[in-house]
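Chemist: Quick one: the structure is below, and I'll ask about it shortly.
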Amino acid sequence: MNAGRIAVAWSGGRDSTALLHATLAAAAPLGVEVVALHVHHGLSPNADAWLAFCEAQAARWARRWPLLLRHARLATRPPRGQSVEAWARRERYRALRRLALEEGADTVLLAHHRRDQAETVLIQALRGGGVAGLAGMPREIERDGVRWLRPWLAQAPEAIEAYVRRHRLRHIEDESNGDRRFARNRLRLEVWPALRDAFPHAEAALADAAEWARQASACLGEIGAADVALLDDHGAGLDVARWRGLSEARRANALRGWLRRVLGAPAAASLVTRLSAELLRGASGSWPAPGGRLCLYRGRLHWQADAAPAVAAAREATLSIRRAGRHRLPGWGGVLVAERVAQGGVPLAWLAALELRERGGGERFQAGIGRPPRSLKKQFQALGLPAWERDGPLVYSGGQLVFVPGLGLDARVIGLPGQAQVRLSWQRGPVPRAA
């Protein structure tokens, strides 16, 4: 990545225009180049005019500041019956991520402000969102190799409007903001004025509530991660007997965390509710889940992927990991996940040139520091690991075994304090298409 380059998502509207202008003014003295990213959704008849406006404005600003404009035209259309809002948001972020990484920018600034946050909290509450949903939009998050920042999330929209007037910034007006078919527009146009009249401080109060919910969600996540680490040692499956020993609320929280890890996405509330009840009284069972099934086997809950298609892609033999993220391996039928950790992980420096191999027999794995290396067969048998938990690639670096699906990291590759480290995990099942 280029440390002297930062990206700004720029629609051409008021808020993102103000953010781009402010970023240019702040970055120039520091020698940082700014990349403006514009996504042409193709939904509005004015989309071409908006792109032309951004191109003209960028050309003017580029005479004064180091600025590069990149844009992407979405080639797909919303599937029939799917929310246009959800589709546009998903495709926009995919395009922004791709453009940013192509330009060597690993940070993208977004122009959401305090009222946007308040609206998000209300929408999530009306949709029955949990604590994570009520936390609204995060101020900062790293996802798939890109850091997304919302520097104005605590700013009132009036402050942004004042900035626009002070600097006489021209911007576009999106006519779809008046379309009451969209939930956020209905809230903004019909509900928000009445709410603000009845509760003048609603915007700030809801933004504060989102911050409290964010802290609560983070705390639940930490507790859940600690519980899952105890309940599912080295990915051997959820220990149901130990899970039953937790309190009701903690059981549900740990189950949600474990399901998110194995499924690669948040589990439906109905699945969590059903499992929470049926795991308490059953000794065995099977439940459908996205991409496969959940199976209770020898006291442990496992996720088993659906059978691979008859014609599979060639298995990948090499891989390079340089940062935390999800690495698709269609030939192996899953995703290798690298998650940043402070300790107990493998140094990133080990992962730049990896070999991916099938089991050939004779491999030896060291399960813990000070413990003797043992054959994979004995390690699997000791954990009672079912056959479907043993697939996936063996990961090597320089001839040293680094990672085994179902067992985790070999103790001989654990990093030292102060080194940049990641933890590896293997997720089986249908591999999502690249963003």
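So you can find residues: chains in the structure tokens are A, B, ... in the order shown, residues in each start at 1, and ligands are numbered from 1 in order.
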Looking only at strand (DSSP E or B) from DSSP on the backbone, list the matching residues of segment 117-271 of chain A as an MDAnalysis selection string.
Modeler: chainID A and resid 140:143 146:149 238:239
Chemist: Residues of segment 84-167 of chain A within 10 Å of segment 317-341 of chain A: nearest atom pair and distance (Å, one decimal) for each, counting only C-alpha atoms, sorted by chain and number, as a tab-separated table?
Modeler:
```
residue	atom	partner	partner_atom	distance
A:Glu142	CA	A:Ala324	CA	9.1
A:Arg143	CA	A:Gly325	CA	7.1
A:Asp144	CA	A:Gly325	CA	4.8
A:Gly145	CA	A:Gly325	CA	6.0
A:Val146	CA	A:Gly325	CA	9.3
```
Chemist: Output C-alpha atoms for every residue in that selection, as a PDB file, in the first residue's frame.
Modeler:
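Result saved to selection08.pdb:
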```pdb
ATOM      1  CA  GLU A 142     -11.247  -2.836   8.814  1.00  0.00           C
ATOM      2  CA  ARG A 143     -12.757  -5.268   6.337  1.00  0.00           C
ATOM      3  CA  ASP A 144     -11.116  -7.267   3.540  1.00  0.00           C
ATOM      4  CA  GLY A 145      -7.895  -5.270   3.535  1.00  0.00           C
ATOM      5  CA  VAL A 146      -9.504  -1.809   3.619  1.00  0.00           C
TER       6      VAL A 146
END
```
Chemist: Find the spatial neighbours of Ala283 of chain A, counting only C-alpha atoms, within a cut-off of 10 Å - ignore same-chain residues fewer than 6 positions away - and output them as an mmCIF file with N, CA and C atoms, in the first residue's frame.
Modeler:
```
data_model
loop_
_atom_site.group_PDB
_atom_site.id
_atom_site.type_symbol
_atom_site.label_atom_id
_atom_site.label_comp_id
_atom_site.auth_asym_id
_atom_site.auth_seq_id
_atom_site.Cartn_x
_atom_site.Cartn_y
_atom_site.Cartn_z
ATOM 1 N N VAL A 240 -20.904 -28.986 23.506
ATOM 2 C CA VAL A 240 -22.266 -28.686 23.935
ATOM 3 C C VAL A 240 -22.429 -28.842 25.444
ATOM 4 N N ALA A 241 -21.757 -29.805 26.048
ATOM 5 C CA ALA A 241 -21.883 -29.990 27.501
ATOM 6 C C ALA A 241 -21.385 -28.752 28.246
ATOM 7 N N LEU A 296 -24.818 -32.426 15.459
ATOM 8 C CA LEU A 296 -24.375 -32.711 16.817
ATOM 9 C C LEU A 296 -23.823 -34.129 16.833
ATOM 10 N N TYR A 297 -22.500 -34.259 17.090
ATOM 11 C CA TYR A 297 -21.798 -35.540 16.967
ATOM 12 C C TYR A 297 -20.844 -35.685 18.134
ATOM 13 N N ARG A 298 -21.012 -36.749 18.911
ATOM 14 C CA ARG A 298 -20.141 -37.038 20.064
ATOM 15 C C ARG A 298 -20.012 -35.823 20.981
ATOM 16 N N GLY A 299 -21.141 -35.165 21.225
ATOM 17 C CA GLY A 299 -21.168 -34.058 22.171
ATOM 18 C C GLY A 299 -20.677 -32.735 21.629
ATOM 19 N N ARG A 300 -20.364 -32.689 20.335
ATOM 20 C CA ARG A 300 -19.887 -31.436 19.738
ATOM 21 C C ARG A 300 -20.742 -31.076 18.527
#
```
Chemist: Set the distance at 12 Å and use only C-alpha atoms: which residues neighbour Trp10 of chain A once local chain neighbours fewer than 6 positions away are removed? I'd like the list as a PDB file with C-alpha atoms, in the first residue's frame.
Modeler:
```pdb
ATOM      1  CA  SER A  16     -19.088  13.957   0.383  1.00  0.00           C
ATOM      2  CA  THR A  17     -18.070  17.112  -1.531  1.00  0.00           C
ATOM      3  CA  ALA A  18     -17.394  18.885   1.761  1.00  0.00           C
ATOM      4  CA  LEU A  19     -15.421  15.894   3.059  1.00  0.00           C
ATOM      5  CA  LEU A  20     -13.323  15.691  -0.109  1.00  0.00           C
ATOM      6  CA  HIS A  21     -12.569  19.422   0.015  1.00  0.00           C
ATOM      7  CA  THR A  23      -9.430  16.180   3.089  1.00  0.00           C
ATOM      8  CA  VAL A  34      -6.049  12.030  -2.313  1.00  0.00           C
ATOM      9  CA  VAL A  35      -7.973   9.623  -4.544  1.00  0.00           C
ATOM     10  CA  ALA A  36     -11.642  10.488  -5.069  1.00  0.00           C
ATOM     11  CA  LEU A  37     -13.786   7.399  -5.740  1.00  0.00           C
ATOM     12  CA  HIS A  38     -17.083   7.827  -7.602  1.00  0.00           C
ATOM     13  CA  VAL A  39     -19.558   5.003  -8.266  1.00  0.00           C
ATOM     14  CA  HIS A  40     -21.968   5.328 -11.203  1.00  0.00           C
ATOM     15  CA  TRP A  50     -23.163  13.588 -11.906  1.00  0.00           C
ATOM     16  CA  LEU A  51     -20.042  11.849 -13.159  1.00  0.00           C
ATOM     17  CA  PHE A  53     -19.742  17.209 -12.636  1.00  0.00           C
ATOM     18  CA  CYS A  54     -17.229  15.233 -10.538  1.00  0.00           C
ATOM     19  CA  GLU A  55     -14.763  15.069 -13.445  1.00  0.00           C
ATOM     20  CA  GLN A  57     -14.665  19.648 -10.287  1.00  0.00           C
ATOM     21  CA  ALA A  58     -11.770  17.223  -9.822  1.00  0.00           C
ATOM     22  CA  LEU A  68      -6.834  11.692  -8.649  1.00  0.00           C
ATOM     23  CA  LEU A  69     -10.408  10.773  -9.622  1.00  0.00           C
ATOM     24  CA  ARG A  70     -11.360   7.132 -10.217  1.00  0.00           C
ATOM     25  CA  HIS A  71     -14.857   5.985 -11.082  1.00  0.00           C
ATOM     26  CA  ALA A  72     -16.660   2.705 -11.662  1.00  0.00           C
ATOM     27  CA  ARG A  92     -21.152   0.470  -4.044  1.00  0.00           C
ATOM     28  CA  LEU A  96     -15.146   1.408  -3.690  1.00  0.00           C
ATOM     29  CA  VAL A 108     -11.387   5.090   2.544  1.00  0.00           C
ATOM     30  CA  LEU A 109     -13.156   8.077   4.138  1.00  0.00           C
ATOM     31  CA  LEU A 110     -16.977   8.149   4.201  1.00  0.00           C
ATOM     32  CA  ALA A 111     -19.057  11.312   4.761  1.00  0.00           C
ATOM     33  CA  HIS A 112     -21.776   9.998   7.094  1.00  0.00           C
ATOM     34  CA  HIS A 171     -22.518  20.027  -5.328  1.00  0.00           C
ATOM     35  CA  ILE A 172     -25.235  17.893  -6.894  1.00  0.00           C
TER      36      ILE A 172
END
```
Chemist: Just the residues within 10 Å of segment 246-262 of chain A, please, counting only C-alpha atoms, with nothing from its chain fewer than 2 positions along; format it as a PyMOL selection string.
Modeler: chain A and resi 220-229+231-232+235+237-238+240-244+264-269+271-273+275-277+289+294+301-304+337+425-429
Chemist: List as number ranges by chain the protein and nucleic acid residues near Gly418 of chain A, meaning an atom at most 10 Å away when only C-alpha atoms are counted, but skip any in the same chain fewer than 4 places from it.
Modeler: A: 342-343, 347
Chemist: Store the residues picked out above in a file with N, CA and C atoms, as a PDB file, in the first residue's frame.
Modeler:
```pdb
ATOM      1  N   ALA A 342      -3.035 -10.166  18.755  1.00  0.00           N
ATOM      2  CA  ALA A 342      -1.881  -9.577  19.436  1.00  0.00           C
ATOM      3  C   ALA A 342      -0.853 -10.636  19.805  1.00  0.00           C
ATOM      4  N   GLN A 343      -1.312 -11.855  20.063  1.00  0.00           N
ATOM      5  CA  GLN A 343      -0.398 -12.928  20.447  1.00  0.00           C
ATOM      6  C   GLN A 343      -1.029 -14.271  20.098  1.00  0.00           C
ATOM      7  N   PRO A 347       3.525 -15.158  12.635  1.00  0.00           N
ATOM      8  CA  PRO A 347       3.966 -13.875  12.083  1.00  0.00           C
ATOM      9  C   PRO A 347       3.561 -13.734  10.619  1.00  0.00           C
TER      10      PRO A 347
END
```
Chemist: Taking the backbone alone, and naming residues the way the document does, which bits of segment 137-368 of chain A are helix (DSSP H, G or I) by DSSP, as a PyMOL selection string?
Modeler: chain A and resi 157-166+175-178+183-198+202-231+233-235+240-244+248-263+269-281+330-332+348-351
Chemist: In Å, how far is it from atom CA of Ala202 of chain A to atom CA of Arg89 of chain A?
Modeler: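 Straight-line distance from atom CA of Ala202 of chain A to atom CA of Arg89 of chain A works out to 25.8 Å.
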Chemist: Do a neighbour search on Phe365 of chain A at 9 Å with only C-alpha atoms, toss out local chain neighbours closer than 2 positions, and write the hits as a PyMOL selection string.
Modeler: chain A and resi 363+367+372-376+379+401-404+407+409-412
